[in-house]
Amino acid sequence: GSFVSLSIGFVAVGISLGIGILLGGLSGFYGHVKLWFITVDTLIMRFTDAMMCFPTFFLILTAVALLPPSIYTIMIIIGLFSWMGTARFVRAEFLSIREQDYVTAAKVAGVRKFRLMTVTVLPNCLAPLIVQAALGLSDAILEAAGLGFLGLGAQPPMPEWGAMLADTRDLIGRF
């Protein structure tokens, strides 16, 4: 059951990191740019705050209940509903790193903004993001196990930790 649970965790964390790095990086680097009446930072972070208002597990539970049960559905849904913390974290890192002297030197040297964001600022965020990914991996595995325990996770021929716990629920009282 570990292969299925770990693969759900790794794919979900990959999706979550992708969305979180994209939105957090845009918010932290281009946050001062104004769109009509609101800045990019305010727009992205208010959307992130709105998504954080809802309990993640219940959003995932609702989406899994509405869609056909599949391991791929679970991976995608867990990844789509768990990017908010990563986006806020990446935004904070980008805001602090973009004020460093080496970033200012790269700006003066004429480095384009996209290259500055992806080659200069983003690699300096990777060490804390690895820790964030490890913590997100455990959360994704627990969410997938919770769904499997409720019968909404991986389907019966496929072994998964939550489904295995649900199958042995009646044996717990015997020992």
# chains A, B, ... in the order shown; residues from 1 in each chain; ligands from 1
$ closest_atom_pairs --of "segment 48-153 of chain A" --to "segment 157-167 of chain A" --cutoff "7 Å" --atoms "only C-alpha atoms" --output "tab-separated table"
residue	atom	partner	partner_atom	distance
A:Ala145	CA	A:Gly162	CA	3.8
A:Gly146	CA	A:Gly162	CA	5.9
A:Leu147	CA	A:Gly162	CA	7.0
A:Gly148	CA	A:Gly162	CA	4.4
A:Phe149	CA	A:Gly162	CA	4.3
A:Gly151	CA	A:Ala163	CA	6.7
$ residues_around --residues "segment 122-135 of chain A" --least-positions-apart "6" --cutoff "8 Å" --atoms "only C-alpha atoms" --output "list in words"
Val13, Leu17, Gly25, Thr86, Val90, Glu93, Phe94 and Ile97 of chain A
$ atom_distance --atom1 "atom CA of Ile44 of chain A" --atom2 "atom CA of Gly24 of chain A"
8.0 Å
$ select_by_dssp --residues "chain A" --states "helix (DSSP H, G or I)" --output "JSON, numbers by chain"
{"A": [2, 3, 4, 5, 6, 7, 8, 9, 10, 11, 12, 13, 14, 15, 16, 17, 18, 19, 20, 21, 22, 23, 24, 25, 26, 27, 28, 29, 40, 41, 42, 43, 44, 45, 46, 47, 48, 49, 50, 51, 52, 56, 57, 58, 59, 60, 61, 62, 63, 64, 65, 66, 71, 72, 73, 74, 75, 76, 77, 78, 79, 80, 84, 85, 86, 87, 88, 89, 90, 91, 92, 93, 94, 95, 96, 97, 101, 102, 103, 104, 105, 106, 107, 108, 113, 114, 115, 116, 117, 118, 119, 120, 121, 122, 123, 124, 125, 126, 127, 128, 129, 130, 131, 132, 133, 134, 135, 136, 137, 138, 139, 140, 141, 142, 143, 144, 145, 146, 147, 148, 149, 161, 162, 163, 164, 165, 166, 167, 169, 170, 171, 172, 173, 174]}
$ select_by_dssp --residues "segment 13-84 of chain A" --states "strand (DSSP E)" --output "ChimeraX atom specification"
/A:34-35,38-39
$ atom_distance --atom1 "atom CA of Met52 of chain A" --atom2 "atom CA of Tyr72 of chain A"
23.4 Å
$ residues_around --residues "Phe10 of chain A" --least-positions-apart "6" --cutoff "10 Å" --atoms "only C-alpha atoms" --output "ChimeraX atom specification"
/A:16,75,79,133-134,136-138,140-141
$ atom_distance --atom1 "atom CA of Leu43 of chain A" --atom2 "atom CA of Pro55 of chain A"
21.1 Å
$ closest_residue --among "A:Phe57, A:Phe37, A:Phe29, A:Phe47" --to "Glu143 of chain A" --atoms "only C-alpha atoms"
A:Phe57
$ decode --residues "segment 121-132 of chain A" --atoms "all heavy atoms" --output "PDB file, in the first residue's frame"
ATOM      1  N   VAL A 121      16.034  34.868  -8.354  1.00  0.00           N
ATOM      2  CA  VAL A 121      15.272  34.859  -7.104  1.00  0.00           C
ATOM      3  C   VAL A 121      14.779  33.462  -6.747  1.00  0.00           C
ATOM      4  O   VAL A 121      14.949  33.009  -5.608  1.00  0.00           O
ATOM      5  CB  VAL A 121      14.094  35.858  -7.176  1.00  0.00           C
ATOM      6  CG1 VAL A 121      13.282  35.833  -5.909  1.00  0.00           C
ATOM      7  CG2 VAL A 121      14.609  37.269  -7.442  1.00  0.00           C
ATOM      8  N   LEU A 122      14.188  32.756  -7.678  1.00  0.00           N
ATOM      9  CA  LEU A 122      13.591  31.446  -7.386  1.00  0.00           C
ATOM     10  C   LEU A 122      14.570  30.417  -6.829  1.00  0.00           C
ATOM     11  O   LEU A 122      14.234  29.729  -5.861  1.00  0.00           O
ATOM     12  CB  LEU A 122      12.864  30.905  -8.611  1.00  0.00           C
ATOM     13  CG  LEU A 122      12.143  29.572  -8.434  1.00  0.00           C
ATOM     14  CD1 LEU A 122      11.061  29.700  -7.366  1.00  0.00           C
ATOM     15  CD2 LEU A 122      11.535  29.122  -9.740  1.00  0.00           C
ATOM     16  N   PRO A 123      15.776  30.269  -7.378  1.00  0.00           N
ATOM     17  CA  PRO A 123      16.688  29.271  -6.796  1.00  0.00           C
ATOM     18  C   PRO A 123      17.040  29.539  -5.331  1.00  0.00           C
ATOM     19  O   PRO A 123      17.359  28.610  -4.595  1.00  0.00           O
ATOM     20  CB  PRO A 123      17.938  29.374  -7.675  1.00  0.00           C
ATOM     21  CG  PRO A 123      17.443  29.873  -8.972  1.00  0.00           C
ATOM     22  CD  PRO A 123      16.324  30.807  -8.630  1.00  0.00           C
ATOM     23  N   ASN A 124      16.977  30.779  -4.907  1.00  0.00           N
ATOM     24  CA  ASN A 124      17.272  31.093  -3.511  1.00  0.00           C
ATOM     25  C   ASN A 124      16.106  30.785  -2.586  1.00  0.00           C
ATOM     26  O   ASN A 124      16.246  30.872  -1.369  1.00  0.00           O
ATOM     27  CB  ASN A 124      17.687  32.554  -3.385  1.00  0.00           C
ATOM     28  CG  ASN A 124      19.031  32.794  -4.006  1.00  0.00           C
ATOM     29  OD1 ASN A 124      20.019  32.210  -3.596  1.00  0.00           O
ATOM     30  ND2 ASN A 124      19.063  33.614  -5.035  1.00  0.00           N
ATOM     31  N   CYS A 125      14.967  30.434  -3.150  1.00  0.00           N
ATOM     32  CA  CYS A 125      13.799  30.024  -2.359  1.00  0.00           C
ATOM     33  C   CYS A 125      13.711  28.505  -2.220  1.00  0.00           C
ATOM     34  O   CYS A 125      12.847  28.009  -1.495  1.00  0.00           O
ATOM     35  CB  CYS A 125      12.511  30.506  -3.020  1.00  0.00           C
ATOM     36  SG  CYS A 125      12.335  32.263  -3.127  1.00  0.00           S
ATOM     37  N   LEU A 126      14.553  27.772  -2.909  1.00  0.00           N
ATOM     38  CA  LEU A 126      14.389  26.326  -2.984  1.00  0.00           C
ATOM     39  C   LEU A 126      14.641  25.595  -1.674  1.00  0.00           C
ATOM     40  O   LEU A 126      13.951  24.614  -1.382  1.00  0.00           O
ATOM     41  CB  LEU A 126      15.279  25.745  -4.083  1.00  0.00           C
ATOM     42  CG  LEU A 126      14.854  26.075  -5.501  1.00  0.00           C
ATOM     43  CD1 LEU A 126      15.759  25.391  -6.496  1.00  0.00           C
ATOM     44  CD2 LEU A 126      13.416  25.682  -5.750  1.00  0.00           C
ATOM     45  N   ALA A 127      15.603  26.029  -0.878  1.00  0.00           N
ATOM     46  CA  ALA A 127      15.885  25.316   0.376  1.00  0.00           C
ATOM     47  C   ALA A 127      14.669  25.294   1.304  1.00  0.00           C
ATOM     48  O   ALA A 127      14.271  24.228   1.779  1.00  0.00           O
ATOM     49  CB  ALA A 127      17.102  25.916   1.061  1.00  0.00           C
ATOM     50  N   PRO A 128      14.030  26.439   1.574  1.00  0.00           N
ATOM     51  CA  PRO A 128      12.819  26.367   2.401  1.00  0.00           C
ATOM     52  C   PRO A 128      11.655  25.663   1.715  1.00  0.00           C
ATOM     53  O   PRO A 128      10.806  25.068   2.376  1.00  0.00           O
ATOM     54  CB  PRO A 128      12.460  27.823   2.687  1.00  0.00           C
ATOM     55  CG  PRO A 128      13.538  28.653   2.148  1.00  0.00           C
ATOM     56  CD  PRO A 128      14.434  27.812   1.331  1.00  0.00           C
ATOM     57  N   LEU A 129      11.623  25.683   0.377  1.00  0.00           N
ATOM     58  CA  LEU A 129      10.542  25.001  -0.338  1.00  0.00           C
ATOM     59  C   LEU A 129      10.662  23.492  -0.236  1.00  0.00           C
ATOM     60  O   LEU A 129       9.649  22.792  -0.269  1.00  0.00           O
ATOM     61  CB  LEU A 129      10.528  25.419  -1.807  1.00  0.00           C
ATOM     62  CG  LEU A 129       9.802  26.715  -2.107  1.00  0.00           C
ATOM     63  CD1 LEU A 129       9.961  27.075  -3.567  1.00  0.00           C
ATOM     64  CD2 LEU A 129       8.348  26.616  -1.732  1.00  0.00           C
ATOM     65  N   ILE A 130      11.865  22.976  -0.110  1.00  0.00           N
ATOM     66  CA  ILE A 130      12.040  21.532   0.072  1.00  0.00           C
ATOM     67  C   ILE A 130      11.436  21.108   1.410  1.00  0.00           C
ATOM     68  O   ILE A 130      10.766  20.066   1.501  1.00  0.00           O
ATOM     69  CB  ILE A 130      13.523  21.154  -0.030  1.00  0.00           C
ATOM     70  CG1 ILE A 130      14.002  21.359  -1.468  1.00  0.00           C
ATOM     71  CG2 ILE A 130      13.769  19.724   0.412  1.00  0.00           C
ATOM     72  CD1 ILE A 130      15.493  21.245  -1.651  1.00  0.00           C
ATOM     73  N   VAL A 131      11.638  21.908   2.431  1.00  0.00           N
ATOM     74  CA  VAL A 131      11.027  21.617   3.734  1.00  0.00           C
ATOM     75  C   VAL A 131       9.511  21.706   3.638  1.00  0.00           C
ATOM     76  O   VAL A 131       8.785  20.851   4.161  1.00  0.00           O
ATOM     77  CB  VAL A 131      11.571  22.583   4.810  1.00  0.00           C
ATOM     78  CG1 VAL A 131      10.874  22.380   6.131  1.00  0.00           C
ATOM     79  CG2 VAL A 131      13.072  22.420   4.952  1.00  0.00           C
ATOM     80  N   GLN A 132       9.016  22.717   2.944  1.00  0.00           N
ATOM     81  CA  GLN A 132       7.570  22.876   2.739  1.00  0.00           C
ATOM     82  C   GLN A 132       7.006  21.671   1.996  1.00  0.00           C
ATOM     83  O   GLN A 132       5.919  21.191   2.310  1.00  0.00           O
ATOM     84  CB  GLN A 132       7.316  24.163   1.952  1.00  0.00           C
ATOM     85  CG  GLN A 132       5.879  24.462   1.670  1.00  0.00           C
ATOM     86  CD  GLN A 132       5.177  25.101   2.836  1.00  0.00           C
ATOM     87  OE1 GLN A 132       5.788  25.529   3.793  1.00  0.00           O
ATOM     88  NE2 GLN A 132       3.873  25.146   2.760  1.00  0.00           N
TER      89      GLN A 132
END
